[in-house]
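**Student:** Handing over data_36.cif, mmCIF, C-alpha atoms.
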data_target
#
loop_
_atom_site.label_atom_id
_atom_site.label_comp_id
_atom_site.auth_asym_id
_atom_site.auth_seq_id
_atom_site.Cartn_x
_atom_site.Cartn_y
_atom_site.Cartn_z
CA MET A 1 -25.39 3.70 21.53
CA ARG A 2 -23.09 6.25 19.97
CA ASN A 3 -20.13 3.88 20.39
CA PHE A 4 -21.74 1.26 18.18
CA TRP A 5 -22.15 3.62 15.26
CA VAL A 6 -18.62 4.95 15.67
CA PHE A 7 -17.31 1.41 15.22
CA PHE A 8 -19.82 0.73 12.44
CA PHE A 9 -18.83 3.78 10.38
CA ILE A 10 -15.11 3.09 10.91
CA THR A 11 -15.65 -0.34 9.42
CA VAL A 12 -17.51 1.11 6.44
CA LEU A 13 -14.60 3.48 5.78
CA GLN A 14 -12.16 0.59 6.04
CA LEU A 15 -14.15 -1.39 3.49
CA TYR A 16 -13.75 1.38 0.92
CA SER A 17 -10.15 2.36 1.73
CA CYS A 18 -8.80 -1.22 1.62
CA MET A 19 -10.61 -2.34 -1.52
CA VAL A 20 -7.34 -2.76 -3.42
CA ASP A 21 -6.23 -5.67 -1.24
CA TRP A 22 -9.59 -7.32 -0.85
CA GLN A 23 -11.55 -9.71 -3.03
CA ILE A 24 -15.18 -8.95 -3.83
CA SER A 25 -17.74 -11.67 -4.36
CA TYR A 26 -21.40 -11.24 -5.17
CA LEU A 27 -24.24 -13.34 -3.82
CA GLU A 28 -26.05 -15.14 -6.61
CA SER A 29 -29.47 -14.34 -5.18
CA SER A 30 -29.04 -10.59 -4.62
CA GLN A 31 -26.82 -7.62 -5.30
CA THR A 32 -25.49 -7.47 -1.75
CA VAL A 33 -21.68 -7.28 -1.73
CA ILE A 34 -19.57 -9.29 0.67
CA VAL A 35 -16.09 -7.85 1.02
CA GLU A 36 -13.51 -10.50 1.87
CA PRO A 37 -10.04 -9.32 2.98
CA SER A 38 -6.85 -11.17 2.23
CA TYR A 39 -6.67 -12.59 5.75
CA PHE A 40 -8.92 -15.25 7.30
CA ASP A 41 -8.02 -14.47 10.89
CA TRP A 42 -5.81 -11.86 12.46
CA LEU A 43 -3.89 -11.57 15.72
CA ARG A 44 -2.70 -8.08 16.59
CA ILE A 45 -0.83 -7.43 19.84
CA GLU A 46 0.56 -4.06 20.84
CA VAL A 47 2.90 -3.69 23.82
CA ARG A 48 2.72 -0.06 24.86
CA ALA A 49 5.43 1.97 26.51
CA ASN A 50 3.30 2.40 29.66
CA GLY A 51 3.17 -1.39 30.19
CA ASP A 52 -0.33 -2.00 28.80
CA VAL A 53 -0.84 -4.77 26.23
CA VAL A 54 -3.66 -4.17 23.74
CA CYS A 55 -4.96 -7.15 21.76
CA GLN A 56 -7.37 -7.56 18.86
CA LEU A 57 -8.36 -10.96 17.48
CA THR A 58 -10.44 -11.04 14.33
CA CYS A 59 -11.84 -13.90 12.28
CA ARG A 60 -13.96 -13.91 9.12
CA PHE A 61 -15.63 -17.28 8.80
CA LEU A 62 -18.58 -18.96 7.09
CA ASP A 63 -20.35 -20.45 10.08
CA ALA A 64 -22.31 -17.45 11.32
CA PRO A 65 -24.79 -18.26 14.13
CA LEU A 66 -27.41 -15.99 12.50
CA TYR A 67 -28.82 -15.95 8.99
CA TYR A 68 -31.23 -13.54 7.30
CA PRO A 69 -32.29 -13.91 3.63
CA PRO A 70 -30.73 -11.62 0.99
CA LEU A 71 -32.14 -8.13 0.58
CA PRO A 72 -32.06 -6.27 -2.77
CA GLY A 73 -29.56 -3.47 -3.11
CA LEU A 74 -27.07 -1.87 -5.49
CA GLY A 75 -24.13 -3.45 -3.71
CA VAL A 76 -22.53 -0.03 -3.19
CA LEU A 77 -23.48 0.60 0.44
CA SER A 78 -22.10 -1.70 3.11
CA CYS A 79 -25.28 -3.10 4.63
CA GLY A 80 -25.93 -5.76 7.24
CA TYR A 81 -26.41 -6.05 10.99
CA GLY A 82 -24.18 -6.38 14.00
CA ILE A 83 -23.94 -7.03 17.73
CA TYR A 84 -21.65 -4.93 19.88
CA HIS A 85 -21.06 -5.68 23.56
CA VAL A 86 -18.58 -4.25 26.07
CA VAL A 87 -18.41 -6.62 29.02
CA GLY A 88 -20.03 -4.88 31.97
CA GLY A 89 -22.22 -2.71 29.76
CA PRO A 90 -25.38 -3.10 27.64
CA ILE A 91 -25.78 -5.11 24.44
CA GLN A 92 -26.09 -2.95 21.36
CA PHE A 93 -27.54 -4.06 18.05
CA GLY A 94 -27.49 -2.19 14.75
CA ILE A 95 -28.96 -2.69 11.27
CA ARG A 96 -28.34 -0.93 7.97
CA ILE A 97 -30.68 -1.50 5.00
CA ASP A 98 -30.32 -0.18 1.43
CA LEU A 99 -33.44 1.73 0.37
CA HIS A 100 -32.73 1.75 -3.37
CA TYR A 101 -35.23 -1.03 -4.13
CA MET A 102 -37.58 -0.78 -1.15
CA SER A 103 -39.60 1.77 0.80
CA GLU A 104 -38.95 2.85 4.37
CA ALA A 105 -42.00 0.89 5.51
CA GLU A 106 -40.63 -2.29 3.91
CA ALA A 107 -37.27 -1.69 5.56
CA ASP A 108 -39.02 -1.32 8.91
CA VAL A 109 -40.62 -4.75 8.47
CA HIS A 110 -37.25 -6.36 7.73
CA ALA A 111 -35.61 -4.55 10.64
CA ASN A 112 -38.19 -5.94 13.07
CA LYS A 113 -37.68 -9.47 11.75
CA ILE A 114 -33.89 -9.16 12.07
CA ARG A 115 -34.28 -7.81 15.61
CA GLU A 116 -36.47 -10.78 16.54
CA LEU A 117 -33.89 -13.14 15.02
CA CYS A 118 -31.18 -11.70 17.24
CA GLU A 119 -33.42 -11.61 20.31
CA ASN A 120 -34.26 -15.30 19.93
CA TRP A 121 -30.58 -16.22 19.59
CA LEU A 122 -29.39 -14.24 22.60
CA GLY A 123 -32.53 -14.72 24.71
CA VAL A 124 -32.98 -10.98 25.32
CA THR A 125 -35.35 -8.14 24.40
CA PHE A 126 -34.09 -5.07 22.55
CA LYS A 127 -35.45 -1.53 22.73
CA GLU A 128 -35.17 0.70 19.66
CA THR A 129 -33.09 3.81 20.26
CA GLU A 130 -32.39 5.10 16.75
CA ARG A 131 -33.98 5.15 13.33
CA ILE A 132 -31.91 7.37 11.02
CA LEU A 133 -32.37 7.99 7.30
CA GLU A 134 -29.01 8.64 5.64
CA THR A 135 -28.13 9.76 2.14
CA PHE A 136 -24.94 9.36 0.16
CA ASN A 137 -24.03 10.97 -3.17
CA HIS A 138 -22.51 8.43 -5.52
CA PRO A 139 -20.78 9.57 -8.75
CA GLN A 140 -22.47 6.85 -10.83
CA PHE A 141 -25.82 6.14 -9.13
CA GLY A 142 -26.58 9.58 -7.73
CA THR A 143 -28.22 9.91 -4.33
CA LEU A 144 -28.30 6.66 -2.37
CA ARG A 145 -30.45 6.17 0.70
CA SER A 146 -30.17 3.77 3.60
CA MET A 147 -31.93 3.32 6.93
CA HIS A 148 -29.99 2.80 10.15
CA TYR A 149 -31.61 1.19 13.18
CA GLY A 150 -30.17 1.11 16.67
CA PHE A 151 -31.29 -1.11 19.54
CA ILE A 152 -30.14 -1.65 23.11
CA CYS A 153 -30.65 -4.21 25.86
CA GLU A 154 -29.72 -3.40 29.45
CA ASN A 155 -31.59 -6.11 31.35
CA PHE A 156 -29.98 -9.51 30.74
CA ASN A 157 -27.90 -12.26 32.32
CA PRO A 158 -24.26 -11.26 31.62
CA ASP A 159 -22.87 -14.77 32.12
CA ALA A 160 -25.40 -16.28 29.71
CA ILE A 161 -24.46 -13.71 27.02
CA ILE A 162 -20.73 -14.36 27.41
CA ASP A 163 -21.36 -18.12 27.18
CA LYS A 164 -23.44 -17.63 24.03
CA LEU A 165 -20.78 -15.48 22.36
CA LEU A 166 -17.93 -17.83 23.30
CA ALA A 167 -19.90 -20.83 22.01
CA SER A 168 -20.08 -19.18 18.56
CA LEU A 169 -16.29 -18.94 18.23
CA PRO A 170 -14.40 -21.17 15.78
CA LYS A 171 -12.73 -24.11 17.51
CA ASN A 172 -9.43 -23.48 15.73
CA GLY A 173 -7.56 -20.35 14.79
CA PHE A 174 -6.56 -17.32 16.83
CA LEU A 175 -10.01 -16.92 18.42
CA SER A 176 -9.42 -20.20 20.24
CA LEU A 177 -7.16 -18.16 22.55
CA ILE A 178 -10.30 -16.66 24.10
CA SER A 179 -11.88 -18.43 27.07
CA ARG A 180 -13.78 -17.73 30.25
CA ARG A 181 -10.44 -17.58 32.05
CA VAL A 182 -9.38 -14.42 30.22
CA VAL A 183 -12.67 -12.55 29.58
CA SER A 184 -13.13 -9.62 31.97
CA LYS A 185 -14.80 -6.21 32.31
CA ASP A 186 -14.38 -3.79 29.39
CA ASP A 187 -13.50 -6.53 26.88
CA ILE A 188 -15.22 -6.00 23.52
CA PHE A 189 -17.21 -8.53 21.50
CA TRP A 190 -18.35 -7.43 18.06
CA LEU A 191 -20.09 -9.59 15.47
CA GLN A 192 -20.97 -8.41 11.95
CA PHE A 193 -23.40 -10.26 9.69
CA TYR A 194 -24.38 -9.92 6.02
CA PHE A 195 -27.76 -10.45 4.41
CA GLY A 196 -28.15 -13.73 2.58
CA SER A 197 -24.93 -15.29 3.81
CA ARG A 198 -23.37 -17.34 6.61
CA TYR A 199 -20.35 -15.11 6.23
CA CYS A 200 -19.53 -13.40 9.52
CA LYS A 201 -16.81 -11.26 11.09
CA PHE A 202 -16.04 -11.78 14.77
CA ILE A 203 -13.87 -9.27 16.66
CA TYR A 204 -12.61 -9.58 20.21
CA ALA A 205 -10.58 -6.78 21.78
CA LYS A 206 -8.92 -6.69 25.18
CA LYS A 207 -6.50 -4.47 27.08
CA PHE A 208 -4.25 -5.99 29.74
CA VAL A 209 -3.81 -2.85 31.82
CA GLY A 210 -0.39 -2.54 33.47
CA TYR A 211 0.67 -6.00 32.32
CA PHE A 212 4.33 -4.92 32.43
CA ASN A 213 6.01 -2.60 34.93
CA PHE A 214 8.93 -1.37 32.86
CA ARG A 215 12.24 -0.36 34.40
CA VAL A 216 15.33 0.67 32.46
CA GLY A 217 17.81 -2.17 32.31
CA ASP A 218 15.32 -4.98 33.01
CA THR A 219 14.39 -7.78 30.60
CA TYR A 220 10.81 -8.87 29.87
CA THR A 221 9.11 -11.67 27.95
CA LEU A 222 5.81 -11.39 26.12
CA ASP A 223 4.48 -14.95 26.33
CA ILE A 224 1.23 -14.82 24.38
CA PHE A 225 -0.04 -18.23 25.50
CA LYS A 226 0.68 -17.39 29.13
CA MET A 227 -0.99 -13.99 28.84
CA PHE A 228 -4.20 -15.60 27.54
CA ASP A 229 -3.91 -18.52 30.03
CA PHE A 230 -3.98 -20.79 27.00
CA PRO A 231 -2.55 -24.31 27.43
CA GLY A 232 -1.89 -24.83 23.72
CA PRO A 233 -1.26 -25.92 21.13
CA LEU A 234 -3.02 -23.57 18.72
CA LYS A 235 -4.08 -25.05 15.39
CA ILE A 236 -4.63 -22.78 12.41
CA HIS A 237 -8.20 -22.98 11.08
CA GLU A 238 -8.79 -25.47 8.28
CA LYS A 239 -10.24 -22.74 6.02
CA SER A 240 -7.24 -20.45 6.33
CA ILE A 241 -5.21 -20.80 3.14
CA ASN A 242 -2.11 -18.72 3.90
CA GLY A 243 -4.60 -16.39 5.56
CA SER A 244 -3.59 -16.17 9.24
CA SER A 245 -1.99 -12.81 9.97
CA VAL A 246 0.17 -11.99 13.00
CA GLU A 247 1.21 -8.45 13.96
CA ILE A 248 3.12 -7.80 17.20
CA TYR A 249 4.33 -4.29 18.10
CA ILE A 250 7.04 -3.58 20.71
CA LEU A 251 7.00 -0.81 22.00
CA SER A 252 4.29 1.57 20.80
CA TYR A 253 3.94 5.18 21.89
CA PHE A 254 0.32 6.20 21.63
CA SER A 255 -1.10 9.72 21.65
CA GLY A 256 -0.67 11.56 24.94
CA THR A 257 2.21 9.44 26.23
CA THR A 258 4.94 9.98 23.63
CA GLU A 259 6.64 12.67 25.69
CA ILE A 260 6.14 10.85 29.00
CA TYR A 261 7.85 7.67 27.79
CA ALA A 262 10.20 9.26 25.28
CA ASN A 263 13.23 8.27 27.35
CA ILE A 264 12.79 4.50 26.96
CA LYS A 265 12.81 2.04 24.11
CA ALA A 266 12.98 -1.73 23.65
CA GLU A 267 15.86 -3.82 22.40
CA LEU A 268 14.84 -7.19 21.01
CA ILE A 269 16.73 -10.08 22.58
CA SER A 270 14.98 -13.16 21.19
CA ILE A 271 11.94 -13.96 19.07
CA GLU A 272 10.47 -17.44 19.50
CA LEU A 273 7.85 -17.91 16.82
CA PRO A 274 7.45 -21.28 15.04
CA PHE A 275 6.80 -19.64 11.65
CA LYS A 276 8.56 -17.28 9.30
CA TYR A 277 8.33 -13.59 10.14
CA LYS A 278 9.96 -10.25 9.39
CA ILE A 279 10.84 -7.26 11.56
CA ARG A 280 10.07 -3.69 10.56
CA GLY A 281 10.84 -0.42 12.31
CA THR A 282 13.63 0.81 14.56
CA ARG A 283 12.08 2.27 17.70
CA THR A 284 8.70 0.55 17.50
CA TYR A 285 9.34 -2.96 16.19
CA ALA A 286 6.62 -4.55 14.07
CA ILE A 287 6.93 -8.33 13.88
CA CYS A 288 4.74 -9.60 11.03
CA ASN A 289 4.29 -12.77 8.98
CA ASP A 290 2.96 -11.28 5.74
CA ILE A 291 4.24 -12.28 2.31
CA PRO A 292 3.65 -9.28 -0.01
CA GLN A 293 2.26 -10.26 -3.42
CA TYR A 294 2.66 -7.99 -6.43
CA ALA A 295 -0.80 -6.93 -7.69
CA ALA A 296 -2.45 -9.65 -5.58
CA PRO A 297 -3.91 -10.01 -2.09
CA THR A 298 -1.34 -10.38 0.67
CA LYS A 299 -0.58 -13.90 1.89
CA TYR A 300 0.80 -15.04 5.22
CA THR A 301 3.24 -17.70 6.38
CA LEU A 302 0.59 -19.49 8.48
CA THR A 303 -1.91 -21.73 6.70
CA ALA A 304 -4.48 -24.45 7.37
CA GLY A 305 -3.26 -27.25 9.61
CA ASP A 306 -0.20 -25.44 10.99
CA VAL A 307 0.30 -25.93 14.72
CA ILE A 308 1.72 -23.30 17.07
CA ASP A 309 3.12 -24.52 20.39
CA TYR A 310 4.55 -21.22 21.64
CA MET A 311 4.75 -17.50 20.87
CA ARG A 312 7.34 -15.63 22.94
CA ILE A 313 9.28 -12.42 22.47
CA THR A 314 11.97 -11.28 24.91
CA PHE A 315 13.15 -7.70 25.02
CA LYS A 316 15.10 -5.31 27.23
CA ILE A 317 14.09 -1.81 28.23
CA VAL A 318 16.91 0.67 27.67
CA GLU A 319 17.23 4.41 27.96
CA GLU A 320 16.75 6.45 24.82
CA SER A 321 19.18 9.30 24.26
CA TYR A 322 18.64 12.07 21.74
CA GLY A 323 21.89 13.94 22.48
CA ILE A 324 25.28 13.57 20.80
CA LYS A 325 27.08 10.45 21.94
CA PHE A 326 30.73 11.33 22.57
CA GLU A 327 32.24 8.00 21.64
CA SER A 328 35.92 7.68 20.67
CA THR A 329 35.13 7.65 16.95
CA ASN A 330 33.00 10.80 17.28
CA VAL A 331 35.71 12.63 19.25
CA THR A 332 38.39 11.68 16.71
CA GLY A 333 36.24 12.88 13.84
CA MET A 334 35.49 16.19 15.56
CA LEU A 335 39.20 16.77 16.26
CA ILE A 336 40.08 16.17 12.61
CA VAL A 337 37.43 18.70 11.53
CA LEU A 338 38.62 21.29 14.07
CA VAL A 339 42.28 20.90 13.05
CA SER A 340 41.39 21.18 9.35
CA VAL A 341 39.37 24.34 9.91
CA SER A 342 42.16 25.85 12.01
CA ILE A 343 44.82 25.17 9.37
CA ALA A 344 42.62 26.63 6.63
CA THR A 345 42.00 29.75 8.73
CA VAL A 346 45.75 30.27 9.34
CA ILE A 347 46.53 29.84 5.62
CA VAL A 348 43.91 32.42 4.61
CA TRP A 349 45.21 34.85 7.21
CA ARG A 350 48.83 34.47 6.07
CA VAL A 351 47.82 35.02 2.42
CA LYS A 352 46.05 38.25 3.38
CA GLN A 353 49.06 39.41 5.38
CA TYR A 354 51.39 38.68 2.41
CA LYS A 355 49.25 40.65 -0.03
CA SER A 356 48.94 43.63 2.29
CA SER A 357 52.66 43.81 2.73
#
Please express what this file holds, its structure, as structure tokens.
**Tutor:**
Amino acid sequence: MRNFWVFFFITVLQLYSCMVDWQISYLESSQTVIVEPSYFDWLRIEVRANGDVVCQLTCRFLDAPLYYPPLPGLGVLSCGYGIYHVVGGPIQFGIRIDLHYMSEAEADVHANKIRELCENWLGVTFKETERILETFNHPQFGTLRSMHYGFICENFNPDAIIDKLLASLPKNGFLSLISRRVVSKDDIFWLQFYFGSRYCKFIYAKKFVGYFNFRVGDTYTLDIFKMFDFPGPLKIHEKSINGSSVEIYILSYFSGTTEIYANIKAELISIELPFKYKIRGTRTYAICNDIPQYAAPTKYTLTAGDVIDYMRITFKIVEESYGIKFESTNVTGMLIVLVSVSIATVIVWRVKQYKSS
């Protein structure tokens, strides 16, 4: 259960830290805040130096499979409910309710109703594992209180849950890459819901362990459609208005492996992407399609109705050298410096000899 709250709190921190780039809209019927980022959906792929490929696909859409009426709140705390499931493990369910305008007993009633809502949708029964009262000191409103609820389900039909989650995915956009053919053990499904809204965030994360077996001098191709066993084409979601973000990293050196793989790096050979992009970085290349906007949310080169037939990046693994490269130009330069220093030394010596005599 601890994993769920780790992810939950990370998201809360992200909501506050990224507020500059995000648009905030308020529900007419309550003070609950829905934070909408500049992107509609997001494809992030990281090719690591050890050959693993780590993927995260995220979509924020308005067709959530669950709906719970708005709850009163100041709109300062990030409240809502979410489902977190690692394939092969239990289903975890969490709720956070603002206590500014309600008692703990009233929050308990709402929490039970929300739990029943989720149970009916998934066809499972949850067991409560946590009920935590938390406080937060706000500079304007003083002490704020919220109640966190944690639930778990360990007895369920795994195939039925995967089918239910896949059926809730948007038909277009990056999440259409996900299918039964690619889902496997340890993949992560995470859905976040907001009170009083059909607004929902869906996250899918997957690691292709040992996808590449890198050798110095060999050439490799990251074919995203092939990796996801996706026949194509991929159509950008109709509600994405310059809001489909792509980030591809080649190669990344994550904590604990930097020294092990410090002797290799990638050289980009070809980038086959049917949309405008830019390349950042020198050792770890970041291939992105963002269009920075001054004092405005970031936009992206992919928008509603765009069709993607392929996404391929070819690169070569080469040896990284941190020593001095004795090329002809370097040798010539060093000789010039040595000769100049020698001549200067002789001149100084002769001057001293002349004066002493």
**Student:** How many Å separate atom CA of Ile95 of chain A from atom CA of Ile132 of chain A?
**Tutor:**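 One can read the atom CA of Ile95 of chain A to atom CA of Ile132 of chain A distance as 10.5 Å.
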**Student:** How would you write as a list of chain:residue names the residues that get within 7 Å of (-32.8, -4.0, -6.3) in the file's frame, counting only C-alpha atoms?
**Tutor:**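 Those residues lying close to the given coordinates are A:Pro72, A:Gly73, A:Leu74, A:His100, A:Tyr101.
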**Student:** For those residues, write C-alpha atoms to a file as a PDB file, in the coordinates of the input.
**Tutor:**
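Generated output (again.pdb):
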ATOM      1  CA  PRO A  72     -32.060  -6.270  -2.770  1.00  0.00           C
ATOM      2  CA  GLY A  73     -29.560  -3.470  -3.110  1.00  0.00           C
ATOM      3  CA  LEU A  74     -27.070  -1.870  -5.490  1.00  0.00           C
ATOM      4  CA  HIS A 100     -32.730   1.750  -3.370  1.00  0.00           C
ATOM      5  CA  TYR A 101     -35.230  -1.030  -4.130  1.00  0.00           C
TER       6      TYR A 101
END
**Student:** Go through segment 222-271 of chain A residue by residue and, counting only C-alpha atoms, keep those with an atom at most 6 Å from segment 297-318 of chain A; for each kept residue give the shortest atom pair and its distance in Å to one decimal, ordered by chain and increasing number, as CSV.
**Tutor:**
residue,atom,partner,partner_atom,distance
A:Leu222,CA,A:Ile313,CA,5.1
A:Asp223,CA,A:Arg312,CA,4.5
A:Ile224,CA,A:Met311,CA,5.6
A:Pro233,CA,A:Asp309,CA,4.7
A:Leu234,CA,A:Ile308,CA,5.0
A:Lys235,CA,A:Val307,CA,4.5
A:Ile236,CA,A:Ala304,CA,5.3
A:His237,CA,A:Ala304,CA,5.5
A:Glu238,CA,A:Ala304,CA,4.5
A:Ser240,CA,A:Ala304,CA,5.0
A:Ile241,CA,A:Thr303,CA,4.9
A:Asn242,CA,A:Thr303,CA,4.1
A:Gly243,CA,A:Tyr300,CA,5.6
A:Ser244,CA,A:Leu302,CA,5.4
A:Ser245,CA,A:Tyr300,CA,5.9
A:Ile264,CA,A:Val318,CA,5.7
A:Lys265,CA,A:Val318,CA,5.6
A:Ala266,CA,A:Ile317,CA,4.7
A:Glu267,CA,A:Lys316,CA,5.1
A:Leu268,CA,A:Phe315,CA,4.4
A:Ile269,CA,A:Phe315,CA,4.9
A:Ser270,CA,A:Thr314,CA,5.1
A:Ile271,CA,A:Ile313,CA,4.6
**Student:** Can you work out which one of A:Asn157, A:Gln92, A:Ser78, A:Thr58 has the shortest atom-to-atom distance to Leu144 of chain A, counting all atoms listed in the file?
**Tutor:**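 Between A:Asn157, A:Gln92, A:Ser78, A:Thr58, the residue approaching Leu144 of chain A most closely is A:Ser78.
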**Student:** From (2.9, -6.9, 14.1), in the file's coordinates, out to 8 Å: which residues are reached, counting all atoms listed in the file? Answer as a list in words.
**Tutor:** Arg44, Ile45, Glu46, Val246, Glu247, Ile248, Tyr249, Tyr285, Ala286, Ile287, Cys288 and Asn289 of chain A
**Student:** How would the residues just picked look written out with C-alpha atoms as a PDB file, in the coordinates of the input?
**Tutor:**
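Saved to result29.pdb:
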ATOM      1  CA  ARG A  44      -2.700  -8.080  16.590  1.00  0.00           C
ATOM      2  CA  ILE A  45      -0.830  -7.430  19.840  1.00  0.00           C
ATOM      3  CA  GLU A  46       0.560  -4.060  20.840  1.00  0.00           C
ATOM      4  CA  VAL A 246       0.170 -11.990  13.000  1.00  0.00           C
ATOM      5  CA  GLU A 247       1.210  -8.450  13.960  1.00  0.00           C
ATOM      6  CA  ILE A 248       3.120  -7.800  17.200  1.00  0.00           C
ATOM      7  CA  TYR A 249       4.330  -4.290  18.100  1.00  0.00           C
ATOM      8  CA  TYR A 285       9.340  -2.960  16.190  1.00  0.00           C
ATOM      9  CA  ALA A 286       6.620  -4.550  14.070  1.00  0.00           C
ATOM     10  CA  ILE A 287       6.930  -8.330  13.880  1.00  0.00           C
ATOM     11  CA  CYS A 288       4.740  -9.600  11.030  1.00  0.00           C
ATOM     12  CA  ASN A 289       4.290 -12.770   8.980  1.00  0.00           C
TER      13      ASN A 289
END
**Student:** Give the answer as one residue: which of A:Arg198, A:Arg180, A:Arg145, A:Lys171 has the shortest atom-to-atom distance to Leu133 of chain A, using all atoms listed in the file?
**Tutor:** A:Arg145
**Student:** Of the candidates A:Ser176, A:Ser146, A:Asn263, A:Gln192, which one gets nearest to Leu57 of chain A if we count only C-alpha atoms?
**Tutor:**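 Closest candidate: A:Ser176.
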**Student:** Fewer than 5 positions away in the same chain doesn't count, so skip those; otherwise give me all residues within 12 Å of segment 160-165 of chain A, counting all atoms listed in the file, as a PyMOL selection string.
**Tutor:** chain A and resi 64-66+83-91+118-124+153-155+170+175+178-185+187-191+202-204
**Student:** Would you work out the distance separating atom CA of Phe40 of chain A from atom CA of Lys239 of chain A, expressed in Å to one decimal?
**Tutor:** 7.7 Å
**Student:** Enter the distance from atom CA of Phe141 of chain A to atom CA of Val109 of chain A, in Å, rounded to one decimal.
**Tutor:**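 Taking atom CA of Phe141 of chain A and atom CA of Val109 of chain A, their separation equals 25.4 Å.
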**Student:** For Thr284 of chain A, which of A:Gly75, A:Tyr261, A:Ser252, A:Phe208 is the closest residue, counting only C-alpha atoms?
**Tutor:** A:Ser252
**Student:** Pick out the closest residue to Phe136 of chain A from this set: A:Ser168, A:Glu104, A:Leu77, A:Leu177. Count all atoms listed in the file.
**Tutor:**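 Using all atoms listed in the file, the shortest distance to Phe136 of chain A belongs to A:Leu77.
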**Student:** Choose the residue, out of A:Leu169, A:Leu251, A:Cys200, A:Val76, that has the smallest atom-to-atom separation from Phe214 of chain A; count all atoms listed in the file.
**Tutor:**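 Checking each of A:Leu169, A:Leu251, A:Cys200, A:Val76 against Phe214 of chain A, counting all atoms listed in the file, the winner is A:Leu251.
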**Student:** Report as lines of an AutoDock Vina configuration file the centre and the edge lengths, in Å to one decimal, of the axis-aligned box holding every listed atom of segment 90-107 of chain A, padded by 3 Å on each side.
**Tutor:**
center_x = -33.7
center_y = -1.1
center_z = 11.8
size_x = 22.6
size_y = 14.0
size_z = 37.8
**Student:** Determine the residue membership of the PyMOL selection byres ((chain A and resi 68) around 10) for the file above and supply it as a list in words.
**Tutor:**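 Those residues are Leu66, Tyr67, Pro69, Pro70, Leu71, Gly80, Tyr81, His110, Lys113, Ile114, Leu117, Phe193, Tyr194, Phe195, Gly196, Ser197 and Arg198 of chain A.
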**Student:** Written as a VMD selection string, which residues does the PyMOL selection byres ((chain A and resi 212) around 9) give for the file shown?
**Tutor:** chain A and resid 47 50 to 53 209 to 211 213 to 214 220
